[in-house]
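> This one is data_22.cif, mmCIF, N, CA and C atoms.
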data_structure
#
loop_
_atom_site.label_atom_id
_atom_site.label_comp_id
_atom_site.auth_asym_id
_atom_site.auth_seq_id
_atom_site.Cartn_x
_atom_site.Cartn_y
_atom_site.Cartn_z
N MET M 28 2.05 85.91 -58.26
CA MET M 28 2.97 84.81 -58.32
C MET M 28 2.29 83.64 -59.03
N ALA M 29 2.98 83.00 -59.92
CA ALA M 29 2.44 81.87 -60.66
C ALA M 29 2.30 80.65 -59.75
N TYR M 30 1.35 79.80 -60.07
CA TYR M 30 1.11 78.60 -59.29
C TYR M 30 0.98 77.42 -60.24
N SER M 31 1.48 76.27 -59.81
CA SER M 31 1.34 75.05 -60.59
C SER M 31 1.18 73.88 -59.66
N ASP M 32 0.31 72.92 -60.03
CA ASP M 32 0.20 71.71 -59.21
C ASP M 32 1.15 70.64 -59.69
N LEU M 33 1.96 70.94 -60.68
CA LEU M 33 2.91 69.95 -61.14
C LEU M 33 3.99 69.75 -60.08
N PRO M 34 4.22 68.49 -59.71
CA PRO M 34 5.24 68.27 -58.68
C PRO M 34 6.63 68.59 -59.19
N VAL M 35 7.43 69.16 -58.34
CA VAL M 35 8.83 69.45 -58.66
C VAL M 35 9.69 68.66 -57.70
N ALA M 36 10.57 67.84 -58.24
CA ALA M 36 11.46 67.05 -57.39
C ALA M 36 12.31 67.97 -56.54
N PRO M 37 12.66 67.55 -55.31
CA PRO M 37 13.41 68.41 -54.40
C PRO M 37 14.71 68.98 -54.98
N GLY M 38 15.38 68.26 -55.85
CA GLY M 38 16.63 68.75 -56.39
C GLY M 38 16.52 69.40 -57.76
N ALA M 39 15.31 69.50 -58.28
CA ALA M 39 15.13 69.95 -59.66
C ALA M 39 15.61 71.38 -59.92
N LEU M 40 15.55 72.24 -58.94
CA LEU M 40 15.91 73.63 -59.15
C LEU M 40 17.31 73.97 -58.66
N LEU M 41 18.05 72.96 -58.26
CA LEU M 41 19.40 73.19 -57.75
C LEU M 41 20.41 73.16 -58.89
N GLY M 42 21.41 74.02 -58.78
CA GLY M 42 22.45 74.07 -59.81
C GLY M 42 23.78 74.45 -59.21
N ALA M 43 24.69 74.88 -60.06
CA ALA M 43 26.05 75.20 -59.65
C ALA M 43 26.08 76.26 -58.54
N HIS M 44 25.08 77.15 -58.51
CA HIS M 44 25.01 78.22 -57.53
C HIS M 44 24.53 77.76 -56.16
N SER M 45 24.03 76.54 -56.06
CA SER M 45 23.39 76.06 -54.83
C SER M 45 24.36 75.97 -53.67
N GLN M 46 23.86 76.36 -52.53
CA GLN M 46 24.64 76.30 -51.29
C GLN M 46 24.58 74.89 -50.71
N PRO M 47 25.57 74.51 -49.90
CA PRO M 47 25.57 73.18 -49.29
C PRO M 47 24.28 72.86 -48.53
N ASP M 48 23.70 73.87 -47.84
CA ASP M 48 22.45 73.63 -47.10
C ASP M 48 21.30 73.27 -48.04
N ASP M 49 21.27 73.86 -49.23
CA ASP M 49 20.23 73.54 -50.21
C ASP M 49 20.36 72.08 -50.66
N LEU M 50 21.58 71.67 -50.94
CA LEU M 50 21.84 70.30 -51.36
C LEU M 50 21.49 69.32 -50.24
N TYR M 51 21.85 69.69 -49.02
CA TYR M 51 21.55 68.87 -47.85
C TYR M 51 20.04 68.70 -47.69
N ARG M 52 19.29 69.80 -47.84
CA ARG M 52 17.83 69.72 -47.71
C ARG M 52 17.21 68.82 -48.78
N ALA M 53 17.79 68.82 -49.98
CA ALA M 53 17.30 67.90 -51.03
C ALA M 53 17.54 66.46 -50.58
N GLY M 54 18.70 66.18 -49.99
CA GLY M 54 18.97 64.85 -49.47
C GLY M 54 17.98 64.45 -48.39
N LEU M 55 17.69 65.37 -47.49
CA LEU M 55 16.71 65.09 -46.44
C LEU M 55 15.33 64.80 -47.02
N ALA M 56 14.95 65.56 -48.04
CA ALA M 56 13.63 65.35 -48.66
C ALA M 56 13.53 63.94 -49.22
N TYR M 57 14.56 63.49 -49.93
CA TYR M 57 14.52 62.14 -50.50
C TYR M 57 14.65 61.07 -49.42
N ALA M 58 15.37 61.35 -48.35
CA ALA M 58 15.54 60.36 -47.28
C ALA M 58 14.26 60.18 -46.47
N THR M 59 13.47 61.25 -46.36
CA THR M 59 12.27 61.19 -45.52
C THR M 59 10.97 61.14 -46.31
N GLY M 60 11.04 61.38 -47.62
CA GLY M 60 9.83 61.40 -48.43
C GLY M 60 9.06 62.70 -48.29
N THR M 61 9.72 63.77 -47.95
CA THR M 61 9.07 65.08 -47.80
C THR M 61 8.94 65.73 -49.18
N GLY M 62 7.72 65.75 -49.69
CA GLY M 62 7.47 66.35 -51.00
C GLY M 62 7.79 65.44 -52.16
N THR M 63 8.19 64.22 -51.89
CA THR M 63 8.55 63.26 -52.94
C THR M 63 8.51 61.86 -52.35
N GLU M 64 8.73 60.89 -53.19
CA GLU M 64 8.85 59.51 -52.71
C GLU M 64 10.20 59.33 -52.04
N ILE M 65 10.27 58.46 -51.06
CA ILE M 65 11.56 58.13 -50.46
C ILE M 65 12.42 57.46 -51.52
N ASN M 66 13.64 57.93 -51.66
CA ASN M 66 14.58 57.37 -52.62
C ASN M 66 15.98 57.52 -52.01
N LEU M 67 16.47 56.45 -51.43
CA LEU M 67 17.74 56.51 -50.71
C LEU M 67 18.94 56.71 -51.63
N VAL M 68 18.83 56.28 -52.88
CA VAL M 68 19.91 56.53 -53.85
C VAL M 68 20.01 58.03 -54.12
N GLU M 69 18.87 58.67 -54.35
CA GLU M 69 18.85 60.12 -54.55
C GLU M 69 19.30 60.85 -53.29
N ALA M 70 18.88 60.36 -52.14
CA ALA M 70 19.30 60.98 -50.88
C ALA M 70 20.82 60.94 -50.76
N HIS M 71 21.41 59.79 -51.05
CA HIS M 71 22.87 59.65 -50.99
C HIS M 71 23.53 60.64 -51.94
N LYS M 72 22.98 60.75 -53.15
CA LYS M 72 23.54 61.68 -54.14
C LYS M 72 23.58 63.10 -53.60
N TRP M 73 22.45 63.59 -53.07
CA TRP M 73 22.39 64.97 -52.60
C TRP M 73 23.23 65.18 -51.36
N PHE M 74 23.24 64.19 -50.45
CA PHE M 74 24.12 64.30 -49.28
C PHE M 74 25.58 64.33 -49.72
N ASN M 75 25.92 63.55 -50.72
CA ASN M 75 27.29 63.53 -51.23
C ASN M 75 27.67 64.89 -51.80
N LEU M 76 26.78 65.47 -52.59
CA LEU M 76 27.05 66.78 -53.18
C LEU M 76 27.21 67.85 -52.09
N ALA M 77 26.38 67.78 -51.06
CA ALA M 77 26.51 68.73 -49.95
C ALA M 77 27.81 68.50 -49.19
N ALA M 78 28.18 67.25 -48.98
CA ALA M 78 29.41 66.92 -48.27
C ALA M 78 30.63 67.43 -49.03
N VAL M 79 30.62 67.27 -50.35
CA VAL M 79 31.73 67.75 -51.17
C VAL M 79 31.90 69.26 -51.01
N ARG M 80 30.80 69.95 -50.76
CA ARG M 80 30.86 71.40 -50.57
C ARG M 80 31.05 71.79 -49.11
N GLY M 81 31.38 70.80 -48.27
CA GLY M 81 31.77 71.10 -46.90
C GLY M 81 30.70 70.97 -45.83
N HIS M 82 29.54 70.43 -46.14
CA HIS M 82 28.47 70.31 -45.14
C HIS M 82 28.76 69.10 -44.24
N GLU M 83 29.03 69.37 -42.96
CA GLU M 83 29.43 68.30 -42.02
C GLU M 83 28.32 67.28 -41.78
N ASP M 84 27.09 67.73 -41.54
CA ASP M 84 25.99 66.79 -41.29
C ASP M 84 25.74 65.90 -42.50
N ALA M 85 25.96 66.45 -43.69
CA ALA M 85 25.76 65.67 -44.91
C ALA M 85 26.72 64.49 -44.98
N ARG M 86 27.92 64.67 -44.46
CA ARG M 86 28.89 63.56 -44.45
C ARG M 86 28.34 62.39 -43.64
N ASN M 87 27.79 62.69 -42.48
CA ASN M 87 27.22 61.64 -41.64
C ASN M 87 26.00 60.99 -42.30
N GLN M 88 25.14 61.81 -42.87
CA GLN M 88 23.94 61.28 -43.54
C GLN M 88 24.31 60.43 -44.75
N ARG M 89 25.31 60.86 -45.49
CA ARG M 89 25.78 60.09 -46.65
C ARG M 89 26.22 58.70 -46.20
N GLN M 90 26.95 58.65 -45.10
CA GLN M 90 27.40 57.36 -44.57
C GLN M 90 26.22 56.50 -44.15
N ASP M 91 25.24 57.10 -43.49
CA ASP M 91 24.04 56.37 -43.09
C ASP M 91 23.33 55.78 -44.31
N MET M 92 23.22 56.58 -45.36
CA MET M 92 22.58 56.11 -46.59
C MET M 92 23.37 54.95 -47.19
N ALA M 93 24.68 55.08 -47.22
CA ALA M 93 25.53 54.04 -47.81
C ALA M 93 25.35 52.71 -47.09
N GLU M 94 25.14 52.77 -45.78
CA GLU M 94 24.95 51.54 -45.01
C GLU M 94 23.61 50.87 -45.32
N MET M 95 22.66 51.62 -45.86
CA MET M 95 21.34 51.06 -46.19
C MET M 95 21.24 50.61 -47.64
N LEU M 96 22.25 50.94 -48.45
CA LEU M 96 22.22 50.64 -49.88
C LEU M 96 23.15 49.48 -50.21
N THR M 97 22.86 48.85 -51.33
CA THR M 97 23.79 47.85 -51.85
C THR M 97 24.97 48.57 -52.49
N SER M 98 26.04 47.85 -52.75
CA SER M 98 27.20 48.49 -53.38
C SER M 98 26.84 49.01 -54.78
N ASP M 99 25.99 48.32 -55.50
CA ASP M 99 25.55 48.80 -56.81
C ASP M 99 24.74 50.09 -56.70
N GLU M 100 23.91 50.19 -55.66
CA GLU M 100 23.13 51.41 -55.47
C GLU M 100 24.04 52.58 -55.10
N VAL M 101 25.07 52.33 -54.30
CA VAL M 101 26.02 53.39 -53.96
C VAL M 101 26.75 53.85 -55.22
N LYS M 102 27.15 52.91 -56.06
CA LYS M 102 27.80 53.26 -57.32
C LYS M 102 26.89 54.13 -58.18
N LEU M 103 25.62 53.76 -58.24
CA LEU M 103 24.65 54.53 -59.01
C LEU M 103 24.51 55.95 -58.45
N ALA M 104 24.46 56.08 -57.14
CA ALA M 104 24.35 57.40 -56.50
C ALA M 104 25.59 58.24 -56.81
N LEU M 105 26.76 57.64 -56.75
CA LEU M 105 28.00 58.36 -57.03
C LEU M 105 28.07 58.79 -58.50
N GLN M 106 27.65 57.90 -59.40
CA GLN M 106 27.62 58.25 -60.82
C GLN M 106 26.66 59.40 -61.07
N SER M 107 25.52 59.35 -60.41
CA SER M 107 24.51 60.39 -60.57
C SER M 107 25.04 61.73 -60.05
N ALA M 108 25.76 61.70 -58.93
CA ALA M 108 26.34 62.94 -58.39
C ALA M 108 27.38 63.51 -59.35
N ARG M 109 28.22 62.65 -59.91
CA ARG M 109 29.22 63.13 -60.87
C ARG M 109 28.55 63.73 -62.09
N ALA M 110 27.51 63.09 -62.59
CA ALA M 110 26.78 63.61 -63.76
C ALA M 110 26.16 64.96 -63.44
N TRP M 111 25.60 65.12 -62.24
CA TRP M 111 25.00 66.38 -61.85
C TRP M 111 26.07 67.48 -61.80
N MET M 112 27.23 67.16 -61.24
CA MET M 112 28.31 68.14 -61.15
C MET M 112 28.75 68.59 -62.54
N LYS M 113 28.80 67.66 -63.49
CA LYS M 113 29.18 68.04 -64.88
C LYS M 113 28.14 68.99 -65.46
N LEU M 114 26.87 68.68 -65.27
CA LEU M 114 25.80 69.52 -65.81
C LEU M 114 25.72 70.87 -65.11
N ALA M 115 25.97 70.87 -63.80
CA ALA M 115 25.83 72.09 -63.02
C ALA M 115 26.98 73.05 -63.25
N ASN M 116 28.08 72.53 -63.71
CA ASN M 116 29.25 73.40 -63.90
C ASN M 116 29.50 73.55 -65.34
#
Starting from the coordinates I provided, produce the structure as structure tokens.

Amino acid sequence: MAYSDLPVAPGALLGAHSQPDDLYRAGLAYATGTGTEINLVEAHKWFNLAAVRGHEDARNQRQDMAEMLTSDEVKLALQSARAWMKLAN
């Protein structure tokens, strides 16, 4: 198996085939800083994508993130999620 020390962002390998749990875990990684820097905008994006695919816990987490962000940051997260959906599909 190949090995690399290059960091891979939690959502870097996710695409159209990704399951809601995978998207949710990317949100958790950004929300907690697991394997990456904490980034609440990215966390909101991934929770939003998981919620759109029916993940119930992601809906709650998305709301929690939104309460911690400014309205401009929420807009940025939503734009980023839409852009990801265009690329993934």
> Smallest atom-to-atom distance to Gln88 (chain M): which of M:Leu41, M:Ala108, M:Ala70, M:Leu103, using only N, CA and C atoms?
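Ranking M:Leu41, M:Ala108, M:Ala70, M:Leu103 by distance to Gln88 (chain M), first place goes to M:Ala70.
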> Kindly list the centre and edge lengths in Å, rounded to one decimal, for the axis-aligned box that covers all listed atoms of region 97-107 of chain M plus 6 Å on each of its six sides, as lines of an AutoDock Vina configuration file.

center_x = 25.5
center_y = 54.8
center_z = -56.2
size_x = 17.2
size_y = 25.9
size_z = 21.7
> Can you tell me how far atom C of Asp48 (chain M) sits from CA of Ala77 (chain M), in Å to one decimal?
7.2 Å
> Report, in Å with one decimal, the straight-line distance from atom N of Lys102 (chain M) to atom C of His71 (chain M).
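Atom C of His71 (chain M) lies 9.5 Å from atom N of Lys102 (chain M).
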> Counting all atoms listed in the file, which residues come within 8 Å of (24.1, 60.6, -52.7), with the point read in the file's coordinates, and could you list them as a PDB file with N, CA and C atoms, in the frame of the given file?

ATOM      1  N   GLY M  54      18.700  66.180 -49.990  1.00  0.00           N
ATOM      2  CA  GLY M  54      18.970  64.850 -49.470  1.00  0.00           C
ATOM      3  C   GLY M  54      17.980  64.450 -48.390  1.00  0.00           C
ATOM      4  N   LEU M  67      16.470  56.450 -51.430  1.00  0.00           N
ATOM      5  CA  LEU M  67      17.740  56.510 -50.710  1.00  0.00           C
ATOM      6  C   LEU M  67      18.940  56.710 -51.630  1.00  0.00           C
ATOM      7  N   VAL M  68      18.830  56.280 -52.880  1.00  0.00           N
ATOM      8  CA  VAL M  68      19.910  56.530 -53.850  1.00  0.00           C
ATOM      9  C   VAL M  68      20.010  58.030 -54.120  1.00  0.00           C
ATOM     10  N   GLU M  69      18.870  58.670 -54.350  1.00  0.00           N
ATOM     11  CA  GLU M  69      18.850  60.120 -54.550  1.00  0.00           C
ATOM     12  C   GLU M  69      19.300  60.850 -53.290  1.00  0.00           C
ATOM     13  N   ALA M  70      18.880  60.360 -52.140  1.00  0.00           N
ATOM     14  CA  ALA M  70      19.300  60.980 -50.880  1.00  0.00           C
ATOM     15  C   ALA M  70      20.820  60.940 -50.760  1.00  0.00           C
ATOM     16  N   HIS M  71      21.410  59.790 -51.050  1.00  0.00           N
ATOM     17  CA  HIS M  71      22.870  59.650 -50.990  1.00  0.00           C
ATOM     18  C   HIS M  71      23.530  60.640 -51.940  1.00  0.00           C
ATOM     19  N   LYS M  72      22.980  60.750 -53.150  1.00  0.00           N
ATOM     20  CA  LYS M  72      23.540  61.680 -54.140  1.00  0.00           C
ATOM     21  C   LYS M  72      23.580  63.100 -53.600  1.00  0.00           C
ATOM     22  N   TRP M  73      22.450  63.590 -53.070  1.00  0.00           N
ATOM     23  CA  TRP M  73      22.390  64.970 -52.600  1.00  0.00           C
ATOM     24  C   TRP M  73      23.230  65.180 -51.360  1.00  0.00           C
ATOM     25  N   PHE M  74      23.240  64.190 -50.450  1.00  0.00           N
ATOM     26  CA  PHE M  74      24.120  64.300 -49.280  1.00  0.00           C
ATOM     27  C   PHE M  74      25.580  64.330 -49.720  1.00  0.00           C
ATOM     28  N   ASN M  75      25.920  63.550 -50.720  1.00  0.00           N
ATOM     29  CA  ASN M  75      27.290  63.530 -51.230  1.00  0.00           C
ATOM     30  C   ASN M  75      27.670  64.890 -51.800  1.00  0.00           C
ATOM     31  N   LEU M  76      26.780  65.470 -52.590  1.00  0.00           N
ATOM     32  CA  LEU M  76      27.050  66.780 -53.180  1.00  0.00           C
ATOM     33  C   LEU M  76      27.210  67.850 -52.090  1.00  0.00           C
ATOM     34  N   ALA M  77      26.380  67.780 -51.060  1.00  0.00           N
ATOM     35  CA  ALA M  77      26.510  68.730 -49.950  1.00  0.00           C
ATOM     36  C   ALA M  77      27.810  68.500 -49.190  1.00  0.00           C
ATOM     37  N   GLN M  88      25.140  61.810 -42.870  1.00  0.00           N
ATOM     38  CA  GLN M  88      23.940  61.280 -43.540  1.00  0.00           C
ATOM     39  C   GLN M  88      24.310  60.430 -44.750  1.00  0.00           C
ATOM     40  N   ARG M  89      25.310  60.860 -45.490  1.00  0.00           N
ATOM     41  CA  ARG M  89      25.780  60.090 -46.650  1.00  0.00           C
ATOM     42  C   ARG M  89      26.220  58.700 -46.200  1.00  0.00           C
ATOM     43  N   MET M  92      23.220  56.580 -45.360  1.00  0.00           N
ATOM     44  CA  MET M  92      22.580  56.110 -46.590  1.00  0.00           C
ATOM     45  C   MET M  92      23.370  54.950 -47.190  1.00  0.00           C
ATOM     46  N   ALA M  93      24.680  55.080 -47.220  1.00  0.00           N
ATOM     47  CA  ALA M  93      25.530  54.040 -47.810  1.00  0.00           C
ATOM     48  C   ALA M  93      25.350  52.710 -47.090  1.00  0.00           C
ATOM     49  N   VAL M 101      25.070  52.330 -54.300  1.00  0.00           N
ATOM     50  CA  VAL M 101      26.020  53.390 -53.960  1.00  0.00           C
ATOM     51  C   VAL M 101      26.750  53.850 -55.220  1.00  0.00           C
ATOM     52  N   LEU M 103      25.620  53.760 -58.240  1.00  0.00           N
ATOM     53  CA  LEU M 103      24.650  54.530 -59.010  1.00  0.00           C
ATOM     54  C   LEU M 103      24.510  55.950 -58.450  1.00  0.00           C
ATOM     55  N   ALA M 104      24.460  56.080 -57.140  1.00  0.00           N
ATOM     56  CA  ALA M 104      24.350  57.400 -56.500  1.00  0.00           C
ATOM     57  C   ALA M 104      25.590  58.240 -56.810  1.00  0.00           C
ATOM     58  N   LEU M 105      26.760  57.640 -56.750  1.00  0.00           N
ATOM     59  CA  LEU M 105      28.000  58.360 -57.030  1.00  0.00           C
ATOM     60  C   LEU M 105      28.070  58.790 -58.500  1.00  0.00           C
ATOM     61  N   SER M 107      25.520  59.350 -60.410  1.00  0.00           N
ATOM     62  CA  SER M 107      24.510  60.390 -60.570  1.00  0.00           C
ATOM     63  C   SER M 107      25.040  61.730 -60.050  1.00  0.00           C
ATOM     64  N   ALA M 108      25.760  61.700 -58.930  1.00  0.00           N
ATOM     65  CA  ALA M 108      26.340  62.940 -58.390  1.00  0.00           C
ATOM     66  C   ALA M 108      27.380  63.510 -59.350  1.00  0.00           C
TER      67      ALA M 108
END
